[in-house]
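Coordinates as given in final-v8.txt (compact mmCIF, C-alpha atoms and all ligand atoms):
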# COMPACT_ATOMS: atom_id res chain seq x y z
CA MET A 1 0.00 0.00 0.00
CA ASN A 2 2.80 2.33 0.97
CA THR A 3 4.54 1.67 -2.28
CA ALA A 4 1.37 2.36 -4.23
CA THR A 5 0.87 5.66 -2.47
CA LYS A 6 4.43 6.72 -3.14
CA LEU A 7 4.19 5.73 -6.77
CA SER A 8 0.95 7.63 -7.21
CA GLY A 9 2.63 10.73 -5.91
CA PHE A 10 5.50 10.10 -8.28
CA ALA A 11 3.18 9.77 -11.26
CA LEU A 12 1.37 12.98 -10.42
CA GLY A 13 4.70 14.73 -9.94
CA LEU A 14 5.67 13.58 -13.41
CA ALA A 15 2.50 15.04 -14.84
CA ALA A 16 3.33 18.38 -13.29
CA VAL A 17 6.85 18.26 -14.72
CA PHE A 18 5.51 17.64 -18.20
CA ALA A 19 2.93 20.38 -17.95
CA GLY A 20 5.67 22.80 -17.02
CA ALA A 21 8.04 21.54 -19.69
CA TYR A 22 5.50 22.05 -22.42
CA GLY A 23 4.37 25.38 -21.14
CA ILE A 24 0.79 24.18 -20.95
CA GLY A 25 0.46 24.42 -17.21
CA HIS A 26 -0.88 27.93 -17.61
CA VAL A 27 -3.67 26.61 -19.82
CA ALA A 28 -4.73 23.70 -17.67
CA GLY A 29 -4.15 25.25 -14.26
CA PRO A 30 -5.96 28.58 -14.14
CA ALA A 31 -8.55 27.56 -16.72
CA ALA A 32 -10.47 25.26 -14.42
CA PRO A 33 -11.11 27.78 -11.63
CA ALA A 34 -11.92 30.39 -14.25
CA ALA A 35 -14.61 28.12 -15.69
CA GLU A 36 -16.11 27.63 -12.25
CA THR A 37 -16.13 31.35 -11.67
CA ARG A 38 -17.86 31.98 -14.91
CA HIS A 39 -20.58 29.48 -14.10
CA ASP A 40 -21.31 31.22 -10.84
CA ALA A 41 -21.29 34.62 -12.43
CA THR A 42 -23.21 33.92 -15.61
CA ASP A 43 -25.80 31.27 -14.93
CA ALA A 44 -28.11 33.08 -17.33
CA ASP A 45 -25.65 32.48 -20.17
CA HIS A 46 -26.07 28.70 -20.18
CA GLY A 47 -28.22 28.81 -23.27
CA ASP A 48 -25.32 30.31 -25.19
CA PRO A 49 -22.50 27.77 -25.20
CA GLY A 50 -20.66 29.60 -27.96
CA HIS A 51 -20.47 32.78 -25.90
CA ALA A 52 -17.26 34.49 -27.00
CA GLY A 53 -14.70 34.97 -24.29
CA GLY A 54 -16.18 32.36 -21.99
CA ALA A 55 -13.47 30.41 -20.26
CA ASP A 56 -14.92 27.02 -21.12
CA ALA A 57 -15.43 27.91 -24.77
CA HIS A 58 -11.76 26.97 -25.12
CA LEU A 59 -11.31 24.50 -22.32
CA PRO A 60 -10.72 20.97 -23.62
CA GLY A 61 -12.91 18.19 -22.28
CA GLY A 62 -12.06 15.82 -19.50
CA LEU A 63 -10.12 18.21 -17.27
CA LEU A 64 -12.97 18.78 -14.82
CA VAL A 65 -14.67 16.30 -12.53
CA SER A 66 -17.63 18.66 -12.24
CA ASP A 67 -18.88 21.10 -14.87
CA ARG A 68 -22.14 22.93 -15.57
CA GLY A 69 -23.71 21.31 -12.53
CA TYR A 70 -22.87 17.75 -13.58
CA THR A 71 -20.45 15.68 -11.50
CA LEU A 72 -18.76 12.34 -12.20
CA GLN A 73 -18.75 10.10 -9.12
CA PRO A 74 -17.19 6.64 -9.07
CA THR A 75 -19.19 4.35 -6.80
CA ALA A 76 -18.48 1.12 -4.98
CA ALA A 77 -18.48 -1.90 -7.24
CA PRO A 78 -17.82 -5.62 -6.87
CA GLU A 79 -14.34 -6.79 -7.78
CA GLY A 80 -13.84 -6.81 -11.53
CA GLN A 81 -16.46 -4.13 -12.12
CA PHE A 82 -16.31 -0.38 -12.46
CA ALA A 83 -19.31 1.72 -11.49
CA PHE A 84 -20.09 5.41 -11.42
CA ARG A 85 -22.90 7.87 -11.67
CA ILE A 86 -23.42 11.37 -12.95
CA THR A 87 -25.21 13.72 -10.63
CA GLY A 88 -27.05 16.64 -12.15
CA PRO A 89 -27.64 20.26 -11.17
CA ASP A 90 -30.31 19.12 -8.69
CA GLY A 91 -27.83 16.77 -6.99
CA ALA A 92 -29.68 13.63 -8.03
CA PRO A 93 -28.20 10.96 -10.32
CA VAL A 94 -28.96 11.62 -13.97
CA THR A 95 -31.06 8.84 -15.51
CA ARG A 96 -31.86 10.27 -18.95
CA TYR A 97 -29.22 10.61 -21.64
CA ASP A 98 -29.22 11.28 -25.35
CA VAL A 99 -27.66 8.73 -27.70
CA ALA A 100 -24.46 9.96 -29.35
CA HIS A 101 -22.39 7.71 -31.60
CA ASP A 102 -24.82 4.85 -30.96
CA LYS A 103 -24.44 4.98 -27.17
CA ARG A 104 -25.71 6.97 -24.22
CA MET A 105 -22.39 6.73 -22.41
CA HIS A 106 -18.83 6.41 -23.63
CA LEU A 107 -16.32 5.56 -20.91
CA ILE A 108 -12.70 6.05 -21.85
CA VAL A 109 -9.84 5.19 -19.52
CA ALA A 110 -6.08 5.62 -19.72
CA ARG A 111 -3.33 5.62 -17.17
CA ARG A 112 -1.81 8.97 -16.34
CA ASP A 113 1.25 7.89 -18.35
CA LEU A 114 -1.09 7.44 -21.37
CA SER A 115 -0.82 3.65 -21.40
CA GLY A 116 -3.69 1.20 -21.06
CA PHE A 117 -6.29 3.01 -23.17
CA ARG A 118 -9.75 1.42 -23.26
CA HIS A 119 -13.08 2.66 -24.62
CA VAL A 120 -16.12 0.82 -23.25
CA HIS A 121 -19.87 1.23 -22.96
CA PRO A 122 -21.40 0.75 -19.51
CA GLU A 123 -24.98 -0.27 -18.78
CA LEU A 124 -27.31 2.12 -17.02
CA ALA A 125 -29.34 0.92 -14.03
CA GLU A 126 -32.63 2.56 -13.16
CA ASP A 127 -31.10 4.40 -10.22
CA GLY A 128 -28.61 6.17 -12.47
CA THR A 129 -25.64 3.88 -11.76
CA TRP A 130 -23.48 2.95 -14.76
CA ARG A 131 -21.72 -0.42 -14.56
CA VAL A 132 -19.17 -2.16 -16.76
CA ALA A 133 -16.56 -4.89 -16.50
CA SER A 134 -13.61 -2.93 -15.19
CA PRO A 135 -11.43 -1.57 -17.98
CA LEU A 136 -8.70 -0.65 -15.47
CA ALA A 137 -6.14 -3.24 -16.50
CA GLY A 138 -3.64 -3.15 -13.66
CA PRO A 139 -2.03 -0.87 -11.11
CA GLY A 140 -1.64 2.82 -11.64
CA VAL A 141 -3.35 6.16 -11.54
CA TRP A 142 -6.03 6.08 -14.19
CA ARG A 143 -8.02 8.88 -15.71
CA ALA A 144 -11.61 7.86 -16.41
CA PHE A 145 -13.55 10.02 -18.88
CA ALA A 146 -17.33 9.96 -19.12
CA ASP A 147 -18.41 11.31 -22.51
CA PHE A 148 -22.19 11.85 -22.59
CA THR A 149 -25.08 14.20 -23.26
CA PRO A 150 -27.64 14.58 -20.49
CA THR A 151 -31.10 14.86 -22.03
CA GLY A 152 -31.86 18.54 -22.31
CA GLY A 153 -28.20 19.51 -21.77
CA GLU A 154 -25.00 20.05 -23.69
CA PRO A 155 -22.49 17.29 -24.52
CA LEU A 156 -19.98 16.95 -21.71
CA THR A 157 -16.82 15.04 -20.95
CA LEU A 158 -15.99 14.80 -17.26
CA GLY A 159 -12.82 13.18 -15.93
CA VAL A 160 -11.82 11.65 -12.63
CA ASP A 161 -8.68 9.97 -11.32
CA VAL A 162 -8.98 6.42 -10.03
CA THR A 163 -6.04 4.67 -8.37
CA VAL A 164 -5.51 0.94 -8.68
CA PRO A 165 -2.99 -0.05 -5.99
CA GLY A 166 -0.04 -2.25 -6.77
CA PRO A 167 3.50 -2.06 -8.08
CA LEU A 168 3.79 0.20 -11.08
CA ALA A 169 6.61 0.72 -13.51
CA ALA A 170 6.54 4.23 -14.96
CA ARG A 171 6.28 3.98 -18.71
CA PRO A 172 7.83 6.63 -20.92
CA LEU A 173 5.65 7.99 -23.69
CA PRO A 174 6.53 6.14 -26.90
CA ALA A 175 8.41 8.24 -29.43
CA PRO A 176 6.46 10.01 -32.16
CA ALA A 177 5.72 7.64 -35.04
CA THR A 178 3.52 7.49 -38.11
CA THR A 179 3.05 3.72 -38.15
CA ALA A 180 1.45 1.53 -35.52
CA THR A 181 0.76 -2.18 -35.46
CA VAL A 182 -2.05 -3.87 -33.58
CA ASP A 183 -3.53 -7.37 -33.80
CA GLY A 184 -1.73 -7.99 -37.10
CA TYR A 185 -2.89 -4.71 -38.67
CA THR A 186 -0.61 -1.89 -39.72
CA VAL A 187 -2.03 1.60 -39.42
CA THR A 188 -0.32 4.57 -41.03
CA LEU A 189 -0.90 8.17 -39.99
CA THR A 190 -0.61 11.06 -42.41
CA GLY A 191 -1.13 14.68 -41.49
CA THR A 192 0.18 16.72 -38.60
CA PRO A 193 -1.94 18.36 -35.94
CA GLU A 194 -1.48 22.12 -35.79
CA PRO A 195 -2.21 23.84 -32.49
CA GLY A 196 -5.35 25.94 -32.49
CA ARG A 197 -6.64 25.08 -35.94
CA THR A 198 -8.37 22.23 -37.66
CA SER A 199 -6.01 19.69 -39.18
CA ARG A 200 -6.84 16.67 -41.27
CA LEU A 201 -5.45 13.39 -40.03
CA THR A 202 -5.78 10.30 -42.20
CA LEU A 203 -5.32 6.82 -40.82
CA THR A 204 -4.85 4.02 -43.32
CA VAL A 205 -5.34 0.39 -42.33
CA SER A 206 -3.62 -2.56 -43.96
CA ARG A 207 -3.08 -6.19 -43.12
CA ASP A 208 -0.41 -8.48 -44.52
CA GLY A 209 0.62 -5.66 -46.84
CA ARG A 210 -2.86 -5.27 -48.34
CA PRO A 211 -5.19 -2.34 -47.81
CA VAL A 212 -8.24 -3.19 -45.71
CA THR A 213 -11.28 -2.12 -47.72
CA ASP A 214 -14.00 -3.79 -45.69
CA LEU A 215 -13.83 -1.99 -42.38
CA GLN A 216 -16.96 -2.55 -40.33
CA PRO A 217 -18.98 0.31 -38.92
CA TYR A 218 -18.24 0.88 -35.27
CA LEU A 219 -20.45 3.30 -33.34
CA GLY A 220 -21.76 4.72 -36.59
CA ALA A 221 -18.36 5.36 -38.17
CA TYR A 222 -15.42 3.55 -39.72
CA GLY A 223 -13.18 4.81 -36.96
CA HIS A 224 -13.16 6.67 -33.70
CA LEU A 225 -10.23 8.77 -32.70
CA VAL A 226 -9.50 10.00 -29.19
CA ALA A 227 -6.53 12.25 -28.46
CA LEU A 228 -5.11 12.80 -24.98
CA ARG A 229 -2.62 15.57 -24.24
CA GLN A 230 0.50 14.58 -22.35
CA GLY A 231 0.77 16.39 -19.05
CA ASP A 232 -2.87 16.87 -18.16
CA LEU A 233 -4.75 14.31 -20.29
CA ALA A 234 -6.97 16.92 -21.92
CA TYR A 235 -9.44 14.87 -23.93
CA LEU A 236 -10.38 15.34 -27.56
CA HIS A 237 -12.91 13.15 -29.30
CA VAL A 238 -12.34 13.64 -32.99
CA HIS A 239 -15.01 12.94 -35.57
CA PRO A 240 -14.37 11.27 -38.91
CA ASP A 241 -15.38 12.56 -42.31
CA GLY A 242 -18.50 10.81 -43.59
CA THR A 243 -20.58 7.96 -42.26
CA PRO A 244 -21.00 4.37 -43.41
CA GLY A 245 -23.72 4.07 -46.02
CA ASP A 246 -23.74 7.73 -47.04
CA GLY A 247 -22.74 6.74 -50.58
CA ARG A 248 -19.41 8.56 -50.55
CA THR A 249 -17.47 7.16 -47.59
CA PRO A 250 -15.44 4.07 -48.44
CA ALA A 251 -15.01 1.26 -45.91
CA GLY A 252 -11.27 1.84 -45.80
CA PRO A 253 -8.44 1.61 -46.11
CA ALA A 254 -8.32 5.32 -45.17
CA VAL A 255 -10.35 7.08 -42.50
CA THR A 256 -9.95 10.85 -42.28
CA PHE A 257 -10.55 12.98 -39.23
CA ALA A 258 -10.74 16.69 -38.61
CA ALA A 259 -8.81 17.34 -35.42
CA GLU A 260 -8.20 20.53 -33.53
CA VAL A 261 -5.63 20.25 -30.78
CA PRO A 262 -5.76 23.07 -28.26
CA SER A 263 -2.06 23.74 -27.79
CA VAL A 264 1.50 22.90 -28.60
CA GLY A 265 2.43 19.62 -26.98
CA ALA A 266 2.68 15.88 -27.25
CA TYR A 267 -0.52 13.92 -27.76
CA ARG A 268 -1.35 10.26 -27.78
CA LEU A 269 -3.84 9.29 -30.46
CA TYR A 270 -6.02 6.19 -30.10
CA LEU A 271 -7.82 4.93 -33.19
CA ASP A 272 -10.60 2.42 -32.61
CA PHE A 273 -11.64 0.55 -35.75
CA ARG A 274 -13.66 -2.60 -36.34
CA HIS A 275 -12.67 -5.43 -38.64
CA GLY A 276 -13.17 -9.19 -38.46
CA ASP A 277 -15.95 -8.60 -35.93
CA ALA A 278 -13.48 -7.23 -33.40
CA VAL A 279 -12.51 -3.74 -32.32
CA HIS A 280 -8.82 -2.88 -32.57
CA THR A 281 -7.02 0.12 -31.14
CA ALA A 282 -3.97 1.62 -32.87
CA GLU A 283 -1.95 4.15 -30.88
CA PHE A 284 0.34 6.95 -31.99
CA THR A 285 2.35 9.66 -30.32
CA VAL A 286 2.24 12.94 -32.26
CA LEU A 287 3.71 16.35 -31.64
CA ALA A 288 1.63 19.44 -32.27
CA GLY A 289 3.67 22.53 -33.00
CA ASP A 290 7.25 22.32 -31.86
CA PRO A 291 7.21 21.46 -28.16
CA ALA A 292 10.44 21.82 -26.23
CA PRO A 293 12.05 18.44 -25.69
CA ALA A 294 10.87 16.97 -22.42
CA PRO A 295 12.22 14.07 -20.40
CA THR A 296 10.03 11.04 -20.62
CA THR A 297 10.83 10.17 -17.04
CA ALA A 298 11.79 12.34 -14.13
CA PRO A 299 14.83 11.52 -12.03
CA THR A 300 14.03 9.65 -8.87
CA PRO A 301 14.63 11.70 -5.73
CA ASP A 302 17.83 9.78 -4.96
CA ALA A 303 19.22 9.50 -8.45
CA GLY A 304 18.79 13.20 -9.08
CA HIS A 305 21.62 14.37 -6.86
CA GLY A 306 24.53 15.81 -8.75
CA THR A 307 22.83 15.48 -12.12
CA PRO A 308 23.68 18.49 -14.26
CA GLY A 309 20.62 20.49 -15.07
CA HIS A 310 18.66 19.05 -12.22
CA GLY A 311 17.59 21.46 -9.57
CA HIS A 312 15.20 24.11 -8.53
CA SER A 313 16.33 26.96 -10.69
CU CU B 401 -17.96 4.96 -27.01

Mind turning this structure into structure tokens?
Amino acid sequence: MNTATKLSGFALGLAAVFAGAYGIGHVAGPAAPAAETRHDATDADHGDPGHAGGADAHLPGGLLVSDRGYTLQPTAAPEGQFAFRITGPDGAPVTRYDVAHDKRMHLIVARRDLSGFRHVHPELAEDGTWRVASPLAGPGVWRAFADFTPTGGEPLTLGVDVTVPGPLAARPLPAPATTATVDGYTVTLTGTPEPGRTSRLTLTVSRDGRPVTDLQPYLGAYGHLVALRQGDLAYLHVHPDGTPGDGRTPAGPAVTFAAEVPSVGAYRLYLDFRHGDAVHTAEFTVLAGDPAPAPTTAPTPDAGHGTPGHGHS
């Protein structure tokens, strides 16, 4: 237990180091309180989500555990399950949700070091509790994102940290790459995300050297792309061009997305696609803009002594 606690602190310390190194701490830090302030001050503005100058108009999803009156609360669950609820502005669990991308709730999890990504779809009980076989595959500090639209409300992504105790090896972020392999598939990424503007990213799927041209629809699309920002795990759900059956969108091998990353930095991209009646996830590290080089691990407290460049300058 002690070890787990220490390691959790270490992982969170790492996150802070990265945020500082990429200069994004000033975006993620002050933005959250500012959003809260705005909500208190401008309750009457809620019907105008595009309100220019509003703090949350530019705040990426997933950074807040509570926003616009909605709060993500993990709840007790039997071993092997993960359960949570969303409470609404009246404090009661929300029981009515709109369907988006075929589902009323999308639960995405990743460790704070961006490993272990899973995207699952919990079941809603009448009392507002969502339950799913736990996607938290092993020890670590996990970020759980609930991506949903409460009926009568705006789409929201709330995020919460969940710690799974146990020994954890810190994993460095894999180097940027344009090719990923998963389950025997090779996925190639073309396009580069540009901070603050819409960029087109194309992911091309092949298997055994042949283009895959019979991708299966998954959640109403031929691919789903989630991007998480290193340092604070800001969450971006990116939508593909076209939908299956619209007469112009081929079933592969290429799926194109319009992505807008909020800042310079390193991002981990997770592409979910369906083929052979199974969902596969291809992962990529990409750099948006020209972030300053950052260490992928921080020195341990003991090893840091006497290291040039290490210190509190
Ligand atoms: Cu989903």

For ligand CU 401 (chain B), return the neighbouring residues as an NGL selection string (distance at most 9 Å; all atoms listed in the file).
:A and (100-108 or 119-121 or 147 or 219 or 224)

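Taking only C-alpha atoms, the non-local environment of Asp208 in chain A within 10 Å (same-chain residues fewer than 4 positions away omitted) comprises Gly184, Tyr185, Thr186 and Val212 of chain A.
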
Store the residues picked out above, limited to C-alpha atoms, as a CSV table (one decimal), in the frame of the given file.
chain,number,residue,atom,x,y,z
A,184,GLY,CA,-1.7,-8.0,-37.1
A,185,TYR,CA,-2.9,-4.7,-38.7
A,186,THR,CA,-0.6,-1.9,-39.7
A,212,VAL,CA,-8.2,-3.2,-45.7

With distances taken over all atoms listed in the file, which of A:Pro217, A:Gly61, A:Pro299, A:Gly265 is nearest to Asp246 in chain A?
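Checking each candidate against Asp246 in chain A, we get A:Pro217 as the closest.
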
Counting only C-alpha atoms, closest pick from A:Thr190, A:Thr157, A:Ser134, A:Thr151 relative to Val205 in chain A is A:Thr190

List every protein, DNA or RNA residue with an atom no more than 9 Å from (-14.6, 15.0, -19.1) in the file's coordinates, counting all atoms listed in the file, and format the result as a PyMOL selection string.
-> chain A and resi 60-67+72+144-148+156-160+234-235

Next, write the just-selected residues to a file, as a short mmCIF file (atom, residue, chain, number, x, y, z; two decimals), in the frame of the given file, keeping C-alpha atoms as the atom set.
data_model
loop_
_atom_site.label_atom_id
_atom_site.label_comp_id
_atom_site.auth_asym_id
_atom_site.auth_seq_id
_atom_site.Cartn_x
_atom_site.Cartn_y
_atom_site.Cartn_z
CA PRO A 60 -10.72 20.97 -23.62
CA GLY A 61 -12.91 18.19 -22.28
CA GLY A 62 -12.06 15.82 -19.50
CA LEU A 63 -10.12 18.21 -17.27
CA LEU A 64 -12.97 18.78 -14.82
CA VAL A 65 -14.67 16.30 -12.53
CA SER A 66 -17.63 18.66 -12.24
CA ASP A 67 -18.88 21.10 -14.87
CA LEU A 72 -18.76 12.34 -12.20
CA ALA A 144 -11.61 7.86 -16.41
CA PHE A 145 -13.55 10.02 -18.88
CA ALA A 146 -17.33 9.96 -19.12
CA ASP A 147 -18.41 11.31 -22.51
CA PHE A 148 -22.19 11.85 -22.59
CA LEU A 156 -19.98 16.95 -21.71
CA THR A 157 -16.82 15.04 -20.95
CA LEU A 158 -15.99 14.80 -17.26
CA GLY A 159 -12.82 13.18 -15.93
CA VAL A 160 -11.82 11.65 -12.63
CA ALA A 234 -6.97 16.92 -21.92
CA TYR A 235 -9.44 14.87 -23.93
#

Taken to one decimal, the CA of Leu287 in chain A-CA of Thr249 in chain A distance is 28.1 Å

* **Who sits within 6 Å of range 123-132 of chain A, only C-alpha atoms, same chain under 2 positions skipped, as a count of residues only** => 9

Separation of CA of Gly242 in chain A from CA of Ala221 in chain A in Å:
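Distance between the two atoms: 7.7 Å.
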
Exercise. To one decimal in Å, tell me the separation between CA of Phe273 in chain A and CA of Thr179 in chain A.
Key: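 That distance, rounded to one decimal, is 15.2 Å.
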
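Take the candidates A:Ala92, A:Leu228, A:Leu59, A:Val182 and check each one against Arg112 in chain A using all atoms listed in the file; the shortest distance goes to A:Leu228.
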
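Considering all atoms listed in the file, the residue among A:Ser263, A:Thr243, A:Thr198, A:Thr163 positioned nearest to Gln216 in chain A is A:Thr243.
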
Counting all atoms listed in the file, closest pick from A:Gly247, A:Pro262, A:Gly166, A:Gly231 relative to Val141 in chain A is A:Gly166
